[in-house]
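Read the structure below first, then the notes.
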Amino acid sequence: MGTTAHEFPWLDGLTIGQVLAETARKFPMREALVFSQSSVRMNYTEFAGAVRGVAKGLLALGIKPGEHVGIWATNLPEWVLLQYGAASIGVVLVTINPAYRPFELRYTLEQSDVVALCLTDEFKSSNFYAIFGETCPEIAQAHDGKISCASFPKLRYAIAIKPNAPEGYLAWNAMIEVGRKIADSELDAIANKLNASDVINIQYTSGTTGFPKAAMLTHRNILMNGWYITGCQNVSENDRMC
């Protein structure tokens, strides 16, 4: 991107999807994402293609612009792909703290109106499948991730990011596969209707005296924050961030 703190932000007024498309056009072969633990290494062309695959997967599940999808996971490549994929079709990503216990997860799912939850397997001593099973016992009777949970009436899908999940979950790769039936034209038609002022993330603040509060962020909030932070640090397109 190559910025200074005083330069006019070219991305002001654009959506996250538009900024990714422009970056992939400018730097198609430059590395965009490296995750050494699972040997994932993508340049911007590959990354943008993978993002479209996730977006199509969400659409194939019937998830519509404006609906909420939760991510309950540690740092994984799929986390980044879901952030961009959801944003590119106007789906709001709800980030859920991986340290949450059952009562905190229950509160977040009740409060955030997520229609799908993407989760990993474990974090430290927490087994996410066990915690979710305690929170939504109906997962035991689910098929291909389709659930009907009395406590969370809007929740329709539970998606396992990692392989070898218990019965009932929809596998991440299966979501990508079903998304192949979505035409590029359908994806682009949705993306063209989005606005930089649309809410695209709900992030829960860490509450000290009560439950966390939900902060709503738009495309512009996130992009401009990144622009000014990297500008103040003199970060350019030649730098790498961990």
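As shown in the structure tokens, the chain order sets the letters A, B, ...; within each chain, residues go from 1, and ligands are also counted from 1 in the order they appear.
Near A:Ala150, within a cut-off of 12 Å and counting only C-alpha atoms, sit the residues A:Arg106, A:Leu109, A:Glu110, A:Thr135, A:Cys136, A:Pro137, A:Glu138, A:Ile139, A:Ile147, A:Ser148, A:Phe152, A:Pro153, A:Lys154, A:Leu155, A:Arg156, with same-chain residues fewer than 2 positions away left out.
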Among the residues A:Met216, A:Leu11, A:Leu194, A:Ala24, the one that comes closest to A:Pro65 [using only C-alpha atoms]: A:Leu194
Could you produce a table of the residues of stretch 55-79 of chain A lying within 12 Å of stretch 165-176 of chain A, with the nearest pair of atoms per residue and their separation in Å rounded to one decimal, using only C-alpha atoms, ordered by chain and increasing residue number, as JSON lines?
```
{"residue": "A:Ala55", "atom": "CA", "partner": "A:Ile176", "partner_atom": "CA", "distance": 8.6}
{"residue": "A:Lys56", "atom": "CA", "partner": "A:Ile176", "partner_atom": "CA", "distance": 7.3}
{"residue": "A:Gly57", "atom": "CA", "partner": "A:Ile176", "partner_atom": "CA", "distance": 4.9}
{"residue": "A:Leu58", "atom": "CA", "partner": "A:Met175", "partner_atom": "CA", "distance": 7.3}
{"residue": "A:Leu59", "atom": "CA", "partner": "A:Met175", "partner_atom": "CA", "distance": 9.7}
{"residue": "A:Ala60", "atom": "CA", "partner": "A:Met175", "partner_atom": "CA", "distance": 7.9}
{"residue": "A:Leu61", "atom": "CA", "partner": "A:Met175", "partner_atom": "CA", "distance": 7.7}
{"residue": "A:Gly62", "atom": "CA", "partner": "A:Met175", "partner_atom": "CA", "distance": 11.4}
{"residue": "A:Ile63", "atom": "CA", "partner": "A:Met175", "partner_atom": "CA", "distance": 11.8}
{"residue": "A:Pro77", "atom": "CA", "partner": "A:Trp172", "partner_atom": "CA", "distance": 11.9}
{"residue": "A:Glu78", "atom": "CA", "partner": "A:Trp172", "partner_atom": "CA", "distance": 8.7}
{"residue": "A:Trp79", "atom": "CA", "partner": "A:Trp172", "partner_atom": "CA", "distance": 11.3}
```
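Distances from A:Ala73, A:Ser88, A:Asp12, A:Asp121 to A:Ala48 were compared using only C-alpha atoms, and the smallest one belongs to A:Ser88.
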From A:Leu33, A:Met42, A:Ala191, A:Val115, residue lying nearest A:Glu67 [only C-alpha atoms]: A:Val115
DSSP-assigned helix (DSSP H, G or I) members of stretch 57-180 of chain A, reported as number ranges by chain: A: 57-60, 77-88, 102-112, 128-135, 137-141, 172-180
Store the residues picked out above in a file with N, CA and C atoms, as a compact mmCIF listing (two decimals), in the first residue's frame.
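Listing of selection-v5.txt after writing:
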```txt
# COMPACT_ATOMS: atom_id res chain seq x y z
N GLY A 57 -19.33 -19.89 -0.68
CA GLY A 57 -19.79 -20.90 0.26
C GLY A 57 -20.87 -20.37 1.19
N LEU A 58 -20.68 -19.16 1.68
CA LEU A 58 -21.69 -18.54 2.55
C LEU A 58 -23.00 -18.33 1.79
N LEU A 59 -22.89 -17.84 0.56
CA LEU A 59 -24.09 -17.62 -0.25
C LEU A 59 -24.82 -18.93 -0.52
N ALA A 60 -24.07 -20.00 -0.76
CA ALA A 60 -24.68 -21.30 -1.05
C ALA A 60 -25.45 -21.84 0.15
N PRO A 77 -5.66 -19.50 9.12
CA PRO A 77 -5.86 -18.89 7.81
C PRO A 77 -7.34 -18.69 7.49
N GLU A 78 -8.17 -19.65 7.91
CA GLU A 78 -9.60 -19.55 7.62
C GLU A 78 -10.24 -18.33 8.28
N TRP A 79 -9.69 -17.90 9.39
CA TRP A 79 -10.18 -16.70 10.09
C TRP A 79 -10.06 -15.49 9.14
N VAL A 80 -8.89 -15.36 8.52
CA VAL A 80 -8.65 -14.23 7.63
C VAL A 80 -9.54 -14.34 6.39
N LEU A 81 -9.63 -15.54 5.84
CA LEU A 81 -10.46 -15.74 4.64
C LEU A 81 -11.92 -15.43 4.93
N LEU A 82 -12.38 -15.80 6.11
CA LEU A 82 -13.78 -15.53 6.47
C LEU A 82 -14.01 -14.04 6.67
N GLN A 83 -13.04 -13.35 7.25
CA GLN A 83 -13.16 -11.90 7.43
C GLN A 83 -13.37 -11.21 6.09
N TYR A 84 -12.54 -11.53 5.13
CA TYR A 84 -12.63 -10.91 3.81
C TYR A 84 -13.82 -11.44 3.02
N GLY A 85 -14.07 -12.75 3.11
CA GLY A 85 -15.17 -13.34 2.36
C GLY A 85 -16.52 -12.81 2.79
N ALA A 86 -16.71 -12.71 4.10
CA ALA A 86 -17.97 -12.17 4.62
C ALA A 86 -18.12 -10.71 4.21
N ALA A 87 -17.06 -9.92 4.37
CA ALA A 87 -17.13 -8.50 4.03
C ALA A 87 -17.44 -8.28 2.56
N SER A 88 -16.97 -9.17 1.70
CA SER A 88 -17.14 -8.97 0.26
C SER A 88 -18.58 -9.16 -0.20
N PRO A 102 -18.79 -21.51 28.68
CA PRO A 102 -20.16 -21.71 28.16
C PRO A 102 -21.12 -20.54 28.39
N PHE A 103 -21.10 -19.93 29.58
CA PHE A 103 -22.05 -18.85 29.85
C PHE A 103 -21.75 -17.62 29.00
N GLU A 104 -20.46 -17.39 28.69
CA GLU A 104 -20.10 -16.25 27.86
C GLU A 104 -20.46 -16.51 26.40
N LEU A 105 -20.25 -17.74 25.94
CA LEU A 105 -20.64 -18.09 24.59
C LEU A 105 -22.14 -17.97 24.43
N ARG A 106 -22.88 -18.45 25.42
CA ARG A 106 -24.35 -18.39 25.37
C ARG A 106 -24.82 -16.94 25.27
N TYR A 107 -24.24 -16.08 26.08
CA TYR A 107 -24.61 -14.67 26.05
C TYR A 107 -24.36 -14.07 24.66
N THR A 108 -23.19 -14.36 24.09
CA THR A 108 -22.82 -13.79 22.79
C THR A 108 -23.74 -14.30 21.69
N LEU A 109 -24.03 -15.59 21.67
CA LEU A 109 -24.90 -16.14 20.64
C LEU A 109 -26.32 -15.59 20.76
N GLU A 110 -26.77 -15.40 21.98
CA GLU A 110 -28.11 -14.83 22.20
C GLU A 110 -28.16 -13.38 21.73
N GLN A 111 -27.08 -12.65 21.97
CA GLN A 111 -27.08 -11.20 21.76
C GLN A 111 -26.74 -10.81 20.34
N SER A 112 -25.99 -11.66 19.63
CA SER A 112 -25.44 -11.24 18.34
C SER A 112 -26.27 -11.68 17.14
N PHE A 128 -13.78 -26.74 22.20
CA PHE A 128 -14.86 -25.92 21.67
C PHE A 128 -16.10 -26.74 21.34
N TYR A 129 -15.91 -27.97 20.85
CA TYR A 129 -17.07 -28.80 20.52
C TYR A 129 -17.87 -29.15 21.78
N ALA A 130 -17.15 -29.42 22.87
CA ALA A 130 -17.83 -29.76 24.13
C ALA A 130 -18.58 -28.54 24.67
N ILE A 131 -17.94 -27.37 24.60
CA ILE A 131 -18.58 -26.16 25.10
C ILE A 131 -19.81 -25.82 24.27
N PHE A 132 -19.68 -25.94 22.94
CA PHE A 132 -20.83 -25.63 22.09
C PHE A 132 -21.94 -26.66 22.30
N GLY A 133 -21.56 -27.92 22.51
CA GLY A 133 -22.55 -28.96 22.77
C GLY A 133 -23.32 -28.71 24.06
N GLU A 134 -22.64 -28.16 25.05
CA GLU A 134 -23.30 -27.81 26.31
C GLU A 134 -24.23 -26.61 26.10
N THR A 135 -23.82 -25.69 25.24
CA THR A 135 -24.59 -24.48 24.99
C THR A 135 -25.76 -24.74 24.05
N PRO A 137 -27.27 -28.15 22.83
CA PRO A 137 -27.28 -29.62 22.78
C PRO A 137 -27.89 -30.20 21.50
N GLU A 138 -28.67 -29.40 20.77
CA GLU A 138 -29.28 -29.88 19.53
C GLU A 138 -28.25 -30.24 18.46
N ILE A 139 -26.98 -29.84 18.65
CA ILE A 139 -25.96 -30.18 17.67
C ILE A 139 -25.81 -31.69 17.55
N ALA A 140 -26.15 -32.43 18.61
CA ALA A 140 -26.03 -33.89 18.59
C ALA A 140 -26.96 -34.53 17.56
N GLN A 141 -28.05 -33.85 17.22
CA GLN A 141 -29.01 -34.37 16.23
C GLN A 141 -28.87 -33.70 14.86
N TRP A 172 -15.63 -27.24 6.86
CA TRP A 172 -15.24 -26.03 6.14
C TRP A 172 -15.07 -26.31 4.65
N ASN A 173 -14.36 -27.38 4.31
CA ASN A 173 -14.13 -27.70 2.90
C ASN A 173 -15.43 -28.05 2.18
N ALA A 174 -16.39 -28.62 2.91
CA ALA A 174 -17.69 -28.92 2.30
C ALA A 174 -18.43 -27.63 1.98
N MET A 175 -18.29 -26.63 2.84
CA MET A 175 -18.89 -25.32 2.56
C MET A 175 -18.28 -24.71 1.29
N ILE A 176 -16.96 -24.81 1.16
CA ILE A 176 -16.30 -24.29 -0.03
C ILE A 176 -16.77 -25.04 -1.27
N GLU A 177 -16.91 -26.33 -1.15
CA GLU A 177 -17.31 -27.16 -2.30
C GLU A 177 -18.72 -26.81 -2.76
N VAL A 178 -19.65 -26.66 -1.83
CA VAL A 178 -21.03 -26.35 -2.22
C VAL A 178 -21.13 -24.96 -2.84
N GLY A 179 -20.16 -24.10 -2.49
CA GLY A 179 -20.15 -22.75 -3.03
C GLY A 179 -19.77 -22.67 -4.50
N ARG A 180 -19.23 -23.75 -5.04
CA ARG A 180 -18.81 -23.74 -6.45
C ARG A 180 -19.98 -23.57 -7.41
```
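Within 12 Å of A:Thr205, once only C-alpha atoms are used and residues closer than 4 positions along the same chain are dropped, the contacting residues are A:Val94, A:Thr95, A:Ile96, A:Asn97, A:Thr108, A:Thr209, A:Gly210, A:Phe211, A:Pro212, A:Lys213, A:Ala214, A:Ala215, A:Met216.
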Write a file of the selected residues as a tab-separated table (two decimals), in the first residue's frame, keeping C-alpha atoms.
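Result file is result-v7.tsv:
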```
chain	number	residue	atom	x	y	z
A	94	VAL	CA	-19.01	-11.46	14.76
A	95	THR	CA	-15.70	-12.16	16.48
A	96	ILE	CA	-15.97	-14.36	19.58
A	97	ASN	CA	-13.21	-14.62	22.17
A	108	THR	CA	-22.82	-13.79	22.79
A	209	THR	CA	-17.83	-5.22	35.55
A	210	GLY	CA	-20.31	-7.04	33.34
A	211	PHE	CA	-20.81	-8.78	30.04
A	212	PRO	CA	-18.85	-7.52	27.01
A	213	LYS	CA	-20.45	-4.83	24.87
A	214	ALA	CA	-20.85	-5.23	21.11
A	215	ALA	CA	-19.01	-2.60	19.03
A	216	MET	CA	-20.19	-2.23	15.42
```
Of the listed residues A:Ala21, A:Ala142, A:Leu76, A:Val69, that which approaches A:Ser36 most closely, counting only C-alpha atoms: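 Result for the nearest residue to A:Ser36: A:Leu76.
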Filtered DSSP result for stretch 104-241 of chain A, state strand (DSSP E), as a VMD selection string: chain A and resid 114 to 119 122 to 123 126 to 127 157 to 160 170 to 171 199 to 204 214 to 218
Gap from atom CA of A:Ser39 to atom CA of A:Trp227 - Å, one decimal: 28.5 Å
From A:Leu187, A:Arg30, A:Ile159, A:Ser197, residue lying nearest A:Val51 [only C-alpha atoms]: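 For A:Val51, the nearest of the candidates is A:Leu187.
When only C-alpha atoms are used to compute distances to A:Arg240, the closest of the residues A:Ala32, A:Pro9, A:Val91, A:Glu22 turns out to be A:Ala32.
For the pair atom CA of A:Ala158 and atom CA of A:Leu119, the interatomic distance is 7.7 Å.
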